[in-house]
file my_file_14.cif (mmCIF, C-alpha atoms (C1' of nucleotides))
data_protein
loop_
_atom_site.label_atom_id
_atom_site.label_comp_id
_atom_site.auth_asym_id
_atom_site.auth_seq_id
_atom_site.Cartn_x
_atom_site.Cartn_y
_atom_site.Cartn_z
CA MET A 1 -38.39 -72.58 50.87
CA ALA A 2 -36.75 -74.81 53.37
CA ARG A 3 -38.26 -74.13 56.71
CA THR A 4 -37.01 -74.97 60.15
CA ASP A 5 -39.03 -77.24 62.31
CA THR A 6 -39.88 -75.14 65.33
CA ALA A 7 -40.81 -71.72 64.06
CA THR A 8 -43.30 -72.10 61.24
CA ALA A 9 -43.68 -75.86 60.84
CA PRO A 10 -47.19 -77.31 61.06
CA ASN A 11 -47.94 -78.98 64.32
CA LEU A 12 -47.26 -82.61 63.59
CA ALA A 13 -45.93 -83.38 67.04
CA GLU A 14 -46.69 -86.85 68.39
CA PRO A 15 -46.81 -87.57 72.09
CA ARG A 16 -43.73 -88.99 73.71
CA PRO A 17 -44.12 -92.69 74.58
CA ALA A 18 -44.25 -91.82 78.27
CA ASP A 19 -47.20 -89.52 77.61
CA MET A 20 -49.20 -92.07 75.65
CA ARG A 21 -52.22 -93.33 77.55
CA VAL A 22 -53.61 -96.78 76.91
CA GLU A 23 -57.22 -95.59 77.10
CA THR A 24 -56.49 -93.06 74.38
CA VAL A 25 -54.78 -95.63 72.18
CA LEU A 26 -57.63 -98.09 72.64
CA GLY A 27 -60.13 -95.36 71.82
CA ALA A 28 -58.19 -94.48 68.70
CA LEU A 29 -58.20 -98.12 67.58
CA SER A 30 -61.88 -98.67 68.35
CA ASP A 31 -63.11 -96.93 65.23
CA PRO A 32 -63.50 -99.02 62.06
CA VAL A 33 -62.02 -96.38 59.77
CA ARG A 34 -59.00 -95.84 61.97
CA LEU A 35 -58.51 -99.55 62.48
CA SER A 36 -58.44 -100.05 58.72
CA ILE A 37 -55.83 -97.32 58.45
CA VAL A 38 -53.64 -99.04 61.03
CA ARG A 39 -54.06 -102.41 59.36
CA THR A 40 -53.14 -100.99 55.99
CA LEU A 41 -50.02 -99.47 57.50
CA ALA A 42 -49.13 -102.71 59.23
CA ALA A 43 -49.48 -104.63 55.98
CA THR A 44 -46.59 -102.65 54.49
CA GLU A 45 -44.49 -102.31 57.60
CA GLY A 46 -41.85 -99.59 57.59
CA GLU A 47 -43.25 -97.76 54.61
CA SER A 48 -45.15 -94.52 54.78
CA ARG A 49 -48.26 -93.78 52.75
CA SER A 50 -50.06 -90.69 51.65
CA CYS A 51 -53.48 -90.06 53.14
CA GLY A 52 -55.20 -90.61 49.84
CA SER A 53 -53.69 -94.04 49.28
CA PHE A 54 -55.84 -95.79 51.87
CA GLY A 55 -59.01 -95.95 49.82
CA LEU A 56 -61.14 -94.78 52.72
CA SER A 57 -64.85 -94.50 52.08
CA VAL A 58 -65.25 -91.22 53.93
CA SER A 59 -64.82 -87.64 52.86
CA LYS A 60 -61.47 -85.88 52.79
CA SER A 61 -62.22 -83.87 55.91
CA THR A 62 -63.35 -86.93 57.83
CA ALA A 63 -60.23 -88.81 56.79
CA SER A 64 -58.09 -85.89 57.90
CA HIS A 65 -59.84 -85.99 61.27
CA HIS A 66 -59.10 -89.69 61.73
CA PHE A 67 -55.42 -89.27 60.90
CA ARG A 68 -55.21 -86.57 63.50
CA VAL A 69 -56.81 -88.75 66.16
CA LEU A 70 -54.30 -91.51 65.43
CA ARG A 71 -51.42 -89.04 65.51
CA ASP A 72 -52.56 -87.42 68.76
CA ALA A 73 -52.92 -90.85 70.37
CA GLY A 74 -49.36 -91.67 69.33
CA VAL A 75 -50.26 -94.50 66.97
CA VAL A 76 -48.88 -92.93 63.81
CA ARG A 77 -46.27 -90.37 62.81
CA GLN A 78 -46.70 -87.94 59.92
CA HIS A 79 -44.37 -85.81 57.87
CA ASP A 80 -44.84 -83.74 54.74
CA GLU A 81 -43.34 -84.65 51.39
CA GLY A 82 -44.19 -82.10 48.77
CA ARG A 83 -47.95 -82.01 48.56
CA HIS A 84 -48.34 -85.32 50.33
CA ARG A 85 -48.63 -85.88 54.05
CA MET A 86 -47.08 -89.24 54.67
CA THR A 87 -48.26 -91.46 57.49
CA GLU A 88 -46.25 -94.17 59.17
CA LEU A 89 -46.93 -96.58 62.00
CA ARG A 90 -45.03 -95.85 65.23
CA ARG A 91 -44.31 -99.52 65.62
CA ALA A 92 -41.21 -99.25 67.80
CA GLU A 93 -42.71 -96.74 70.22
CA LEU A 94 -45.95 -98.66 70.44
CA ASP A 95 -44.24 -101.98 71.05
CA ALA A 96 -42.00 -100.47 73.70
CA ARG A 97 -44.85 -98.72 75.50
CA PHE A 98 -47.58 -101.35 75.15
CA PRO A 99 -45.93 -104.67 74.32
CA GLY A 100 -48.10 -106.99 72.28
CA LEU A 101 -51.02 -104.60 71.98
CA LEU A 102 -50.59 -103.62 68.36
CA ASP A 103 -49.88 -107.17 67.23
CA SER A 104 -52.96 -108.54 68.94
CA VAL A 105 -55.19 -105.84 67.49
CA ILE A 106 -53.82 -106.23 63.98
CA ALA A 107 -54.10 -110.00 64.14
CA ALA A 108 -57.72 -109.86 65.28
CA VAL A 109 -60.00 -111.27 62.62
CA MET B 1 -88.71 -106.07 85.25
CA ALA B 2 -85.68 -107.71 83.70
CA ARG B 3 -86.69 -108.85 80.25
CA THR B 4 -86.86 -112.60 79.87
CA ASP B 5 -86.04 -114.04 76.50
CA THR B 6 -86.28 -117.68 77.42
CA ALA B 7 -88.37 -118.62 80.39
CA THR B 8 -87.55 -116.91 83.64
CA ALA B 9 -83.85 -116.10 83.55
CA PRO B 10 -82.79 -112.47 83.39
CA ASN B 11 -81.15 -111.46 80.16
CA LEU B 12 -77.49 -111.79 81.01
CA ALA B 13 -76.51 -113.29 77.70
CA GLU B 14 -72.99 -112.57 76.50
CA PRO B 15 -72.05 -112.66 72.83
CA ARG B 16 -70.55 -115.84 71.49
CA PRO B 17 -66.81 -115.52 70.83
CA ALA B 18 -67.45 -115.61 67.09
CA ASP B 19 -69.76 -112.62 67.44
CA MET B 20 -67.32 -110.51 69.41
CA ARG B 21 -65.93 -107.60 67.42
CA VAL B 22 -62.52 -106.19 68.18
CA GLU B 23 -63.68 -102.60 67.72
CA THR B 24 -66.36 -103.16 70.34
CA VAL B 25 -63.93 -104.74 72.78
CA LEU B 26 -61.44 -101.93 72.29
CA GLY B 27 -64.20 -99.39 72.80
CA ALA B 28 -65.26 -101.14 75.97
CA LEU B 29 -61.71 -101.06 77.30
CA SER B 30 -61.09 -97.43 76.35
CA ASP B 31 -63.01 -96.00 79.30
CA PRO B 32 -61.10 -95.44 82.56
CA VAL B 33 -63.89 -96.76 84.76
CA ARG B 34 -64.32 -99.92 82.71
CA LEU B 35 -60.59 -100.44 82.45
CA SER B 36 -60.32 -100.28 86.24
CA ILE B 37 -63.08 -102.89 86.49
CA VAL B 38 -61.22 -105.22 84.15
CA ARG B 39 -57.94 -104.71 85.99
CA THR B 40 -59.57 -105.42 89.32
CA LEU B 41 -61.02 -108.62 87.91
CA ALA B 42 -57.68 -109.63 86.42
CA ALA B 43 -55.97 -109.09 89.76
CA THR B 44 -58.04 -111.89 91.29
CA GLU B 45 -58.22 -114.16 88.29
CA GLY B 46 -60.95 -116.76 88.29
CA GLU B 47 -62.95 -115.19 91.07
CA SER B 48 -66.16 -113.29 90.61
CA ARG B 49 -67.00 -110.07 92.39
CA SER B 50 -70.16 -108.19 93.20
CA CYS B 51 -70.68 -104.86 91.46
CA GLY B 52 -70.33 -102.94 94.68
CA SER B 53 -66.95 -104.44 95.54
CA PHE B 54 -65.04 -102.47 92.94
CA GLY B 55 -64.97 -99.18 94.80
CA LEU B 56 -65.98 -97.22 91.73
CA SER B 57 -66.28 -93.47 92.13
CA VAL B 58 -69.43 -93.18 90.05
CA SER B 59 -73.10 -93.54 90.90
CA LYS B 60 -74.87 -96.88 91.04
CA SER B 61 -76.64 -96.29 87.76
CA THR B 62 -73.45 -95.30 86.00
CA ALA B 63 -71.66 -98.36 87.35
CA SER B 64 -74.52 -100.54 86.16
CA HIS B 65 -74.19 -99.01 82.73
CA HIS B 66 -70.47 -99.79 82.55
CA PHE B 67 -70.96 -103.41 83.58
CA ARG B 68 -73.49 -103.77 80.83
CA VAL B 69 -71.15 -102.33 78.22
CA LEU B 70 -68.47 -104.81 79.28
CA ARG B 71 -70.92 -107.68 79.20
CA ASP B 72 -72.33 -106.74 75.81
CA ALA B 73 -68.83 -106.49 74.40
CA GLY B 74 -68.08 -109.98 75.70
CA VAL B 75 -65.40 -108.94 78.15
CA VAL B 76 -67.17 -110.13 81.28
CA ARG B 77 -69.79 -112.65 82.27
CA GLN B 78 -72.39 -112.07 84.98
CA HIS B 79 -74.66 -114.24 87.05
CA ASP B 80 -76.91 -113.57 90.00
CA GLU B 81 -76.23 -114.85 93.50
CA GLY B 82 -78.90 -113.79 95.88
CA ARG B 83 -79.03 -110.05 95.84
CA HIS B 84 -75.59 -109.78 94.27
CA ARG B 85 -74.82 -109.76 90.59
CA MET B 86 -71.42 -111.35 90.28
CA THR B 87 -69.03 -110.35 87.53
CA GLU B 88 -66.24 -112.47 86.15
CA LEU B 89 -63.66 -111.97 83.43
CA ARG B 90 -64.19 -114.06 80.29
CA ARG B 91 -60.51 -114.80 80.15
CA ALA B 92 -60.66 -118.02 78.15
CA GLU B 93 -63.03 -116.67 75.51
CA LEU B 94 -61.08 -113.45 75.19
CA ASP B 95 -57.73 -115.20 74.89
CA ALA B 96 -59.10 -117.58 72.29
CA ARG B 97 -60.72 -114.87 70.22
CA PHE B 98 -58.10 -112.10 70.55
CA PRO B 99 -54.85 -113.72 71.69
CA GLY B 100 -52.64 -111.42 73.74
CA LEU B 101 -55.03 -108.50 73.73
CA LEU B 102 -56.22 -108.70 77.30
CA ASP B 103 -52.76 -109.34 78.68
CA SER B 104 -51.26 -106.38 76.87
CA VAL B 105 -54.04 -104.07 78.03
CA ILE B 106 -53.87 -105.22 81.62
CA ALA B 107 -50.09 -104.96 81.68
CA ALA B 108 -50.14 -101.41 80.32
CA VAL B 109 -48.91 -98.98 82.94
"C1'" DT C 1 -94.26 -108.11 107.88
"C1'" DC C 2 -91.22 -104.68 107.27
"C1'" DA C 3 -86.93 -102.58 106.51
"C1'" DA C 4 -82.30 -102.62 104.57
"C1'" DC C 5 -79.40 -103.77 100.81
"C1'" DT C 6 -78.03 -104.52 95.80
"C1'" DG C 7 -78.47 -103.48 91.46
"C1'" DT C 8 -81.48 -102.19 87.16
"C1'" DT C 9 -84.31 -99.09 84.39
"C1'" DC C 10 -85.93 -94.78 83.06
"C1'" DG C 11 -85.61 -90.04 81.60
"C1'" DA C 12 -82.78 -86.30 81.25
"C1'" DC C 13 -78.63 -83.59 80.56
"C1'" DG C 14 -74.19 -81.92 78.69
"C1'" DA C 15 -70.20 -83.27 76.27
"C1'" DC C 16 -68.00 -85.47 72.89
"C1'" DC C 17 -67.70 -87.81 68.29
"C1'" DA C 18 -68.07 -89.03 63.32
"C1'" DT C 19 -69.60 -87.00 59.47
"C1'" DC C 20 -70.06 -83.65 55.82
"C1'" DG C 21 -69.44 -79.45 52.55
"C1'" DT C 22 -67.13 -75.38 51.80
"C1'" DA C 23 -63.29 -72.69 51.87
"C1'" DC C 24 -58.56 -72.37 52.13
"C1'" DA C 25 -53.26 -73.18 51.67
"C1'" DG C 26 -49.18 -75.10 49.79
"C1'" DA C 27 -46.83 -77.80 46.03
"C1'" DA C 28 -46.15 -79.35 41.38
"C1'" DC C 29 -46.70 -78.97 36.68
"C1'" DT C 30 -48.10 -76.82 32.59
"C1'" DA D 1 -49.69 -66.46 35.56
"C1'" DG D 2 -53.00 -70.25 36.12
"C1'" DT D 3 -54.46 -75.12 37.11
"C1'" DT D 4 -54.52 -79.31 39.40
"C1'" DC D 5 -53.62 -82.06 43.24
"C1'" DT D 6 -53.42 -83.12 48.29
"C1'" DG D 7 -54.73 -82.28 52.50
"C1'" DT D 8 -56.22 -78.98 56.50
"C1'" DA D 9 -59.45 -75.72 58.99
"C1'" DC D 10 -63.84 -74.25 59.91
"C1'" DG D 11 -68.67 -74.53 61.02
"C1'" DA D 12 -72.65 -77.30 61.35
"C1'" DT D 13 -75.36 -81.48 62.32
"C1'" DG D 14 -77.08 -85.73 64.12
"C1'" DG D 15 -75.92 -89.36 67.01
"C1'" DT D 16 -73.72 -91.59 70.76
"C1'" DC D 17 -71.60 -91.57 75.37
"C1'" DG D 18 -70.93 -90.87 80.36
"C1'" DT D 19 -73.23 -89.11 83.98
"C1'" DC D 20 -76.81 -88.47 87.40
"C1'" DG D 21 -81.20 -88.87 90.43
"C1'" DA D 22 -85.44 -91.03 91.16
"C1'" DA D 23 -88.17 -94.97 91.00
"C1'" DC D 24 -88.45 -99.82 90.99
"C1'" DA D 25 -87.75 -105.03 91.90
"C1'" DG D 26 -85.68 -108.96 94.15
"C1'" DT D 27 -83.21 -110.82 98.15
"C1'" DT D 28 -81.94 -111.01 102.86
"C1'" DG D 29 -82.51 -110.64 107.53
"C1'" DA D 30 -84.63 -108.39 111.69
#
call {"tool": "encode", "arguments": {"input": "my_file_14.cif", "output": "structure tokens"}}
result
Amino acid sequence: MARTDTATAPNLAEPRPADMRVETVLGALSDPVRLSIVRTLAATEGESRSCGSFGLSVSKSTASHHFRVLRDAGVVRQHDEGRHRMTELRRAELDARFPGLLDSVIAAV
Amino acid sequence: MARTDTATAPNLAEPRPADMRVETVLGALSDPVRLSIVRTLAATEGESRSCGSFGLSVSKSTASHHFRVLRDAGVVRQHDEGRHRMTELRRAELDARFPGLLDSVIAAV
DNA sequence: TCAACTGTTCGACGACCATCGTACAGAACT
DNA sequence: AGTTCTGTACGATGGTCGTCGAACAGTTGA
């Protein structure tokens, strides 16, 4: 059943760029699991991946938690495709709001 | 009182650039108090400031804790001058290790 | 010498965080 | 129908974090 976005849709809302706080973004990126998620996304820029395709070494529930932290911070965007929840980097919003931040973090060895 | 690992100097050792981890640096910068410290330091680049000159709205012990987190992460360097412990941004080391990171964080509005 | 000043250390507290297993819900495919 | 797959929600747990006050140590200056 095709459902409209406001009434019954799951809450996948990301913050607007103006509402994104740099402390929150930095906190989201300061966890090794979440950083690996972001780096995986950056490696295939523009594409979206299912949660299970990251090869994370944590449980399903923990992974789900990390994706939510990244989404709430405004780092990623998610949308449902069938039984998959696809995750995508919010590259444009991030670059506009915090120029250079994402690149420097991703490039960090 | 202050532990001495060499002869008489207090233990104010910072990590070598090669030992600095980006997750740790991001975690250090993700706290509002510590971020304000870094921004204050960046505003007067090259100068060092005493801990009390930051106008932090936390207790002495809490402030001391935050300076230590920044120092352990490699973000700042400290040295004693009389009864003041001076803090300075490790701009060169940071820029060499994580190019663009500090600038993007400081510039974030 | 003594007092004031600067900052650290200690112990404690509450809050938050990363983690997990279980249960659950929707979608796809027999 | 049922089964499998993907991911979320819930509740719990152990650890870390930010915070404070009190006590302490070193320096400076009266």
call {"tool": "atom_distance", "arguments": {"input": "my_file_14.cif", "atom1": "atom C1' of DA27 of chain C", "atom2": "atom CA of Val58 of chain A"}}
result
24.1 Å
call {"tool": "residues_around", "arguments": {"input": "my_file_14.cif", "residues": "segment 9-20 of chain C", "least_positions_apart": "4", "cutoff": "8 Å", "atoms": "all atoms listed in the file", "output": "list in words"}}
result
Ser59, Ser61 and Thr62 of chain A; DT16, DC17 and DC24 of chain D
call {"tool": "residues_around", "arguments": {"input": "my_file_14.cif", "residues": "Val38 of chain B", "least_positions_apart": "4", "cutoff": "8 Å", "atoms": "only C-alpha atoms (C1' of nucleotides)", "output": "VMD selection string"}}
result
chain B and resid 34 42 89 106
call {"tool": "resolve_selection", "arguments": {"input": "my_file_14.cif", "expression": "the PyMOL selection byres ((chain B) within 9 of (chain C))", "output": "ChimeraX atom specification"}}
result
/B:1-2,51-52,60-61,64,83-85
call {"tool": "calpha_fit_rmsd", "arguments": {"input": "my_file_14.cif", "fixed": "chain B", "moving": "chain A"}}
result
2.6 Å
call {"tool": "atom_distance", "arguments": {"input": "my_file_14.cif", "atom1": "atom CA of Arg39 of chain B", "atom2": "atom CA of Ala107 of chain B"}}
result
9.0 Å
call {"tool": "atom_distance", "arguments": {"input": "my_file_14.cif", "atom1": "atom C1' of DC10 of chain D", "atom2": "atom CA of Thr87 of chain A"}}
result
23.3 Å
call {"tool": "closest_atom_pairs", "arguments": {"input": "my_file_14.cif", "of": "chain D", "to": "chain B", "cutoff": "12 Å", "atoms": "only C-alpha atoms (C1' of nucleotides)", "output": "CSV"}}
result
residue,atom,partner,partner_atom,distance
D:DC17,C1',B:Asp31,CA,10.4
D:DG18,C1',B:Thr62,CA,7.6
D:DT19,C1',B:Thr62,CA,6.5
D:DC20,C1',B:Ser59,CA,7.2
D:DG21,C1',B:Ser61,CA,9.1
D:DA22,C1',B:Ser61,CA,10.8
D:DC24,C1',B:Met1,CA,8.5
D:DA25,C1',B:Met1,CA,6.8
D:DG26,C1',B:Arg83,CA,6.9
D:DT27,C1',B:Arg83,CA,4.8
D:DT28,C1',B:Arg83,CA,7.7
call {"tool": "write_last_selection", "arguments": {"input": "my_file_14.cif", "atoms": "C-alpha atoms (C1' of nucleotides)", "output": "PDB file, keeping the file's coordinate frame"}}
result
ATOM      1  C1'  DC D  17     -71.600 -91.570  75.370  1.00  0.00           C
ATOM      2  C1'  DG D  18     -70.930 -90.870  80.360  1.00  0.00           C
ATOM      3  C1'  DT D  19     -73.230 -89.110  83.980  1.00  0.00           C
ATOM      4  C1'  DC D  20     -76.810 -88.470  87.400  1.00  0.00           C
ATOM      5  C1'  DG D  21     -81.200 -88.870  90.430  1.00  0.00           C
ATOM      6  C1'  DA D  22     -85.440 -91.030  91.160  1.00  0.00           C
ATOM      7  C1'  DC D  24     -88.450 -99.820  90.990  1.00  0.00           C
ATOM      8  C1'  DA D  25     -87.750-105.030  91.900  1.00  0.00           C
ATOM      9  C1'  DG D  26     -85.680-108.960  94.150  1.00  0.00           C
ATOM     10  C1'  DT D  27     -83.210-110.820  98.150  1.00  0.00           C
ATOM     11  C1'  DT D  28     -81.940-111.010 102.860  1.00  0.00           C
TER      12       DT D  28
END
call {"tool": "resolve_selection", "arguments": {"input": "my_file_14.cif", "expression": "the PyMOL selection byres ((chain A) within 6 of (chain B))", "output": "list of chain:residue names"}}
result
A:Glu23, A:Leu26, A:Gly27, A:Ser30, A:Phe98, A:Gly100, A:Leu101, A:Ser104, A:Ala108
call {"tool": "resolve_selection", "arguments": {"input": "my_file_14.cif", "expression": "the PyMOL selection byres ((chain B and resi 49) around 7)", "output": "PyMOL selection string"}}
result
chain B and resi 47-48+50-51+53+86-88
call {"tool": "axis_aligned_box", "arguments": {"input": "my_file_14.cif", "around": "segment 58-73 of chain A", "padding_each_side": "6 Å", "output": "JSON"}}
result
{"center_x": -58.3, "center_y": -87.7, "center_z": 61.6, "size_x": 25.8, "size_y": 19.6, "size_z": 29.6}
